[in-house]
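These notes concern the structure reproduced below.
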Amino acid sequence: MHVTIDAERLWESLMAMAEIGPTQHGGSCRLALTDEDAAGRRRLIEWCEALGCTWRVDRVGNLFIRRAGRRDDLDPVATGSHLDTQPRGGRFDGVLGVLAGLEVFRTLDERGIVTERPLELVVWTNEEGSRFAPAMVASGTYAGEFSVESTLAREDRDGVTLGAALEASGFAGGMAVGEPRLDSFFELHIEQGPVLEAAGESIGVVAGVQGMRWYDVSLDGQAAHAGPTPMRLRRDALAAAARLIDRLQSHALGDARGDTKVTFGCLDIVQGSRNVIPGETRLTVDLRHVDETELDALEQRFERELAACGEVFGVTTRFERIWKSPVVHFDAACVEAVEAATRTRGFSYRRLLSGAGHDSVYVSRVAPTAMIFVPCRDGISHNEAEYASPEHCARGCQVLADTLLARANGYATEAL
Ligand code: HGY
Ligand code: MN
Ligand code: MN
């Protein structure tokens, strides 16, 4: 039973969603549980209600939109991703996975196809981890990694809790977190890196996700006058942070395999002033690697380098690991189903590990899961210039449709 998704309609829905929270240079800003995020969710709900879908929200705001099957007593086959974005994010990160699910629903609806198992389209709350840390906190709560209470208590930089933001957004749901149980979960996403585009391939069959760890670092030296204070008597908290960044950058750049990733996304000078030696700085650290043992070693190196910088600059250093997401390998049968659907369509592809975290990381703990990637221009993401071509979006959506249909009807993908 082959269906062909409507590439143009998919693209139109992507551009229509991009009208909500547009940024100056063609990107999107819909921070988790802001008015823009809520508006994007409501627009999706409208589109799905027009197809006869029902929807419900769990206690951390995860939105589940159901398309009935012939056997509604069976666990649903699910797809989806996230609608929240980075502050100056792109129009495809997360959104493509959600709207590809909508396009599959629309295609089945116009063909009058009812699958054996019901289908769920899921929008996970706060995937980005930009407003509330850590990333994927709501899918993590669904999978049992975080308690509901701790998730609702997470605060943004203004001290607003995730629970209060949920209430304000109108998406504080009543459904118990962890429901519904899923038969399987398939997520379509842009690669957010350069691999597929450089190889000229259309599809990434994602077999897993690299390990990720987040830290909050404090460096406390001594504020002093920029003029009279001799260099060798300074306890400069920014100079110490700069040395740490440089040391870890050099280490990562020295990794010939390129598997070591270090990122310092936020650096704050507390009460900074141009003629005051920085007394206090706050730094975020993001470490990633495809191998858990190597990630342990990288974490130990980070600790050593931080202590050494404190010594050299006479600065007191502290750090807290606020998130640890181990290397994940997805369900072999799900990965093979994606690969078979891709081969059946004759699309060029490769298997790969994801460099970015996704809600699939946590969902894979409680349901067989796999992901589908499509290339993005110059590998750029988390940037307003993020772009995936209509053709690549359509191919990813087609593979998703074939995979969902096969799984929900109990066929092998090749038999479609
Ligand atoms: O951090 C990540 O990899 C994802 O974008 N949340
Ligand atoms: Mn994403
Ligand atoms: Mn992202």
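We name chains A, B, ... following the order of the structure tokens; residues begin at 1 in each chain, and ligands are numbered from 1 as shown.
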Need the shell around A:Leu162: protein/DNA/RNA residues with any atom at most 8 Å away, counting only C-alpha atoms. Skip same-chain ones fewer than 3 positions apart. Format as a list of chain:residue names?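 The filter keeps A:Leu33, A:Phe132, A:Thr151, A:Leu152, A:Ala153, A:Arg154, A:Glu155, A:Asp156, A:Ala165, A:Leu166.
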What does the list of residues within 7 Å of ligand 2 look like if you count only C-alpha atoms and all ligand atoms, written as a list of chain:residue names?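 Taking only C-alpha atoms and all ligand atoms into account, the residues around ligand 2 at most 7 Å away are A:His82, A:Asp93, A:Gly94, A:Glu127, A:Glu128, A:His189, A:His358.
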Filtering to N, CA and C atoms, could you give me those residues as a PDB file, in the first residue's frame?
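Contents of out32.pdb, as written:
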```
ATOM      1  N   HIS A  82       9.827  18.497  18.134  1.00  0.00           N
ATOM      2  CA  HIS A  82       9.565  19.650  19.023  1.00  0.00           C
ATOM      3  C   HIS A  82       9.267  20.895  18.191  1.00  0.00           C
ATOM      4  N   ASP A  93      14.531  22.950  12.445  1.00  0.00           N
ATOM      5  CA  ASP A  93      14.935  22.185  13.635  1.00  0.00           C
ATOM      6  C   ASP A  93      13.703  21.861  14.478  1.00  0.00           C
ATOM      7  N   GLY A  94      13.358  20.588  14.532  1.00  0.00           N
ATOM      8  CA  GLY A  94      12.179  20.151  15.302  1.00  0.00           C
ATOM      9  C   GLY A  94      10.899  20.264  14.492  1.00  0.00           C
ATOM     10  N   GLU A 127      12.457  20.914  24.126  1.00  0.00           N
ATOM     11  CA  GLU A 127      13.536  20.033  23.656  1.00  0.00           C
ATOM     12  C   GLU A 127      14.859  20.781  23.675  1.00  0.00           C
ATOM     13  N   GLU A 128      14.857  22.055  23.302  1.00  0.00           N
ATOM     14  CA  GLU A 128      16.121  22.756  23.079  1.00  0.00           C
ATOM     15  C   GLU A 128      16.944  22.916  24.369  1.00  0.00           C
ATOM     16  N   HIS A 189      14.266  14.535  11.343  1.00  0.00           N
ATOM     17  CA  HIS A 189      14.949  15.756  11.795  1.00  0.00           C
ATOM     18  C   HIS A 189      16.006  16.159  10.770  1.00  0.00           C
ATOM     19  N   HIS A 358      18.269  14.646  20.746  1.00  0.00           N
ATOM     20  CA  HIS A 358      16.869  14.712  20.271  1.00  0.00           C
ATOM     21  C   HIS A 358      15.989  13.999  21.292  1.00  0.00           C
TER      22      HIS A 358
END
```
Apply DSSP to the structure's backbone, then extract all residues of stretch 86-142 of chain A labelled strand (DSSP E or B) and return them as a list of chain:residue names.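 Reading the DSSP output for stretch 86-142 of chain A, strand (DSSP E or B) covers A:Gly89, A:Leu119, A:Glu120, A:Leu121, A:Val122, A:Val123.
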Keeping N, CA and C atoms for every residue in the selection just given, could you write it to a file as a tab-separated table (two decimals), in the first residue's frame?
```tsv
chain	number	residue	atom	x	y	z
A	89	GLY	N	16.85	30.68	16.22
A	89	GLY	CA	16.90	29.36	15.60
A	89	GLY	C	16.45	29.39	14.16
A	119	LEU	N	-2.13	6.07	15.31
A	119	LEU	CA	-0.90	6.85	15.14
A	119	LEU	C	-0.93	8.01	16.12
A	120	GLU	N	0.22	8.36	16.66
A	120	GLU	CA	0.32	9.54	17.55
A	120	GLU	C	1.34	10.50	16.94
A	121	LEU	N	0.97	11.77	16.97
A	121	LEU	CA	1.93	12.83	16.60
A	121	LEU	C	2.25	13.57	17.90
A	122	VAL	N	3.53	13.57	18.29
A	122	VAL	CA	3.93	14.10	19.59
A	122	VAL	C	4.76	15.37	19.45
A	123	VAL	N	4.40	16.37	20.27
A	123	VAL	CA	5.23	17.59	20.39
A	123	VAL	C	5.79	17.59	21.81
```
When you count only C-alpha atoms and all ligand atoms, which of these residues is closest to ligand 1: A:Gly208, A:Gly80, A:Pro134, A:Gly227?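 Checking each of A:Gly208, A:Gly80, A:Pro134, A:Gly227 against ligand 1, counting only C-alpha atoms and all ligand atoms, the winner is A:Pro134.
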Closest atom pairs, residues of chain A within 9 Å of ligand 1, only C-alpha atoms and all ligand atoms, as CSV:
```
residue,atom,partner,partner_atom_place_in_ligand_line,distance
A:Thr85,CA,ligand 1,5 (O),8.9
A:Gln86,CA,ligand 1,5 (O),8.4
A:Asp93,CA,ligand 1,5 (O),8.1
A:Gly94,CA,ligand 1,5 (O),8.9
A:Asn126,CA,ligand 1,6 (N),8.6
A:Glu127,CA,ligand 1,6 (N),5.5
A:Glu128,CA,ligand 1,6 (N),4.0
A:Gly129,CA,ligand 1,6 (N),5.9
A:Ser130,CA,ligand 1,6 (N),7.9
A:Pro134,CA,ligand 1,6 (N),8.3
A:Ala135,CA,ligand 1,6 (N),4.9
A:Met136,CA,ligand 1,6 (N),6.3
A:Gln192,CA,ligand 1,5 (O),8.8
A:Met212,CA,ligand 1,3 (O),7.9
A:Asp286,CA,ligand 1,1 (O),8.5
A:Ser354,CA,ligand 1,3 (O),8.8
A:Gly355,CA,ligand 1,3 (O),6.9
A:Ala356,CA,ligand 1,3 (O),3.5
A:Gly357,CA,ligand 1,3 (O),3.6
A:His358,CA,ligand 1,4 (C),5.8
A:Asp359,CA,ligand 1,6 (N),8.2
A:Ser381,CA,ligand 1,5 (O),9.0
A:His382,CA,ligand 1,5 (O),7.7
```
All residues 12 Å or closer to A:Phe105, only C-alpha atoms, same chain fewer than 3 positions away omitted, as a PyMOL selection string: chain A and resi 3-6+10+44+47-53+65-69+78-80+98-102+108-115+118-121+397+400-401+404-405
Within 9 Å of A:His289, counting only C-alpha atoms, which residues qualify if same-chain residues fewer than 6 places away don't, as a list in words?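 Listed by chain and then number, they are Gln210, Gly211, Met212, Asp259, Thr260, Lys261, Leu295, Leu298, Val327 and Gly355 of chain A.
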Create the file for the chosen residues now, containing N, CA, C and O atoms and written as an mmCIF file, in the first residue's frame.
```
data_model
loop_
_atom_site.group_PDB
_atom_site.id
_atom_site.type_symbol
_atom_site.label_atom_id
_atom_site.label_comp_id
_atom_site.auth_asym_id
_atom_site.auth_seq_id
_atom_site.Cartn_x
_atom_site.Cartn_y
_atom_site.Cartn_z
ATOM 1 N N GLN A 210 25.207 10.505 20.055
ATOM 2 C CA GLN A 210 26.442 10.551 20.865
ATOM 3 C C GLN A 210 26.116 10.956 22.295
ATOM 4 O O GLN A 210 25.041 11.467 22.600
ATOM 5 N N GLY A 211 27.091 10.742 23.181
ATOM 6 C CA GLY A 211 26.911 11.107 24.588
ATOM 7 C C GLY A 211 27.089 12.614 24.773
ATOM 8 O O GLY A 211 27.854 13.258 24.049
ATOM 9 N N MET A 212 26.374 13.185 25.759
ATOM 10 C CA MET A 212 26.390 14.646 25.973
ATOM 11 C C MET A 212 26.403 14.911 27.464
ATOM 12 O O MET A 212 25.725 14.219 28.236
ATOM 13 N N ASP A 259 36.006 13.396 16.934
ATOM 14 C CA ASP A 259 34.856 12.941 17.742
ATOM 15 C C ASP A 259 34.681 13.721 19.040
ATOM 16 O O ASP A 259 33.682 13.573 19.723
ATOM 17 N N THR A 260 35.698 14.510 19.414
ATOM 18 C CA THR A 260 35.637 15.268 20.673
ATOM 19 C C THR A 260 35.025 16.640 20.419
ATOM 20 O O THR A 260 35.509 17.406 19.595
ATOM 21 N N LYS A 261 33.911 16.941 21.075
ATOM 22 C CA LYS A 261 33.230 18.230 20.859
ATOM 23 C C LYS A 261 33.156 18.979 22.191
ATOM 24 O O LYS A 261 32.707 18.419 23.207
ATOM 25 N N LEU A 295 34.278 9.988 26.748
ATOM 26 C CA LEU A 295 33.586 11.136 27.361
ATOM 27 C C LEU A 295 33.954 11.233 28.845
ATOM 28 O O LEU A 295 34.148 12.324 29.382
ATOM 29 N N LEU A 298 37.279 12.816 28.892
ATOM 30 C CA LEU A 298 37.167 14.250 28.569
ATOM 31 C C LEU A 298 36.675 15.027 29.792
ATOM 32 O O LEU A 298 37.166 16.118 30.112
ATOM 33 N N VAL A 327 25.669 7.761 25.569
ATOM 34 C CA VAL A 327 25.568 7.343 24.165
ATOM 35 C C VAL A 327 24.359 6.410 24.031
ATOM 36 O O VAL A 327 24.117 5.568 24.899
ATOM 37 N N GLY A 355 24.913 13.853 16.065
ATOM 38 C CA GLY A 355 25.759 14.716 16.894
ATOM 39 C C GLY A 355 24.922 15.550 17.846
ATOM 40 O O GLY A 355 25.374 15.979 18.900
#
```
Can you list, as a PyMOL selection string, every protein, DNA or RNA residue that comes within 9 Å of A:Ile277 when you count only C-alpha atoms, leaving out same-chain residues fewer than 3 positions away? chain A and resi 222-226+229+234-238+272-274
Which one is closest to A:Lys324: A:Phe64, A:Trp214, A:Tyr349, A:Tyr362? Count only C-alpha atoms.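 Comparing A:Phe64, A:Trp214, A:Tyr349, A:Tyr362 against A:Lys324, the winner is A:Trp214.
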Within 10 Å of A:Ser147 using only C-alpha atoms, minus same-chain residues under 4 positions, as a ChimeraX atom specification: /A:137-138,140-143,151-152,177
Pick from A:Met17, A:Leu96, A:Val328, A:Val338, whichever lies nearest to ligand 3 using only C-alpha atoms and all ligand atoms: A:Leu96
For the atom pair atom CA of A:Val217 and atom CA of A:Asp158, what is the interatomic distance in Å to one decimal place? 18.8 Å
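Each of A:Asp331, A:Asp402, A:Asp296, A:Glu191 was checked against A:Gly379 using only C-alpha atoms; the smallest atom-to-atom distance is that of A:Glu191.
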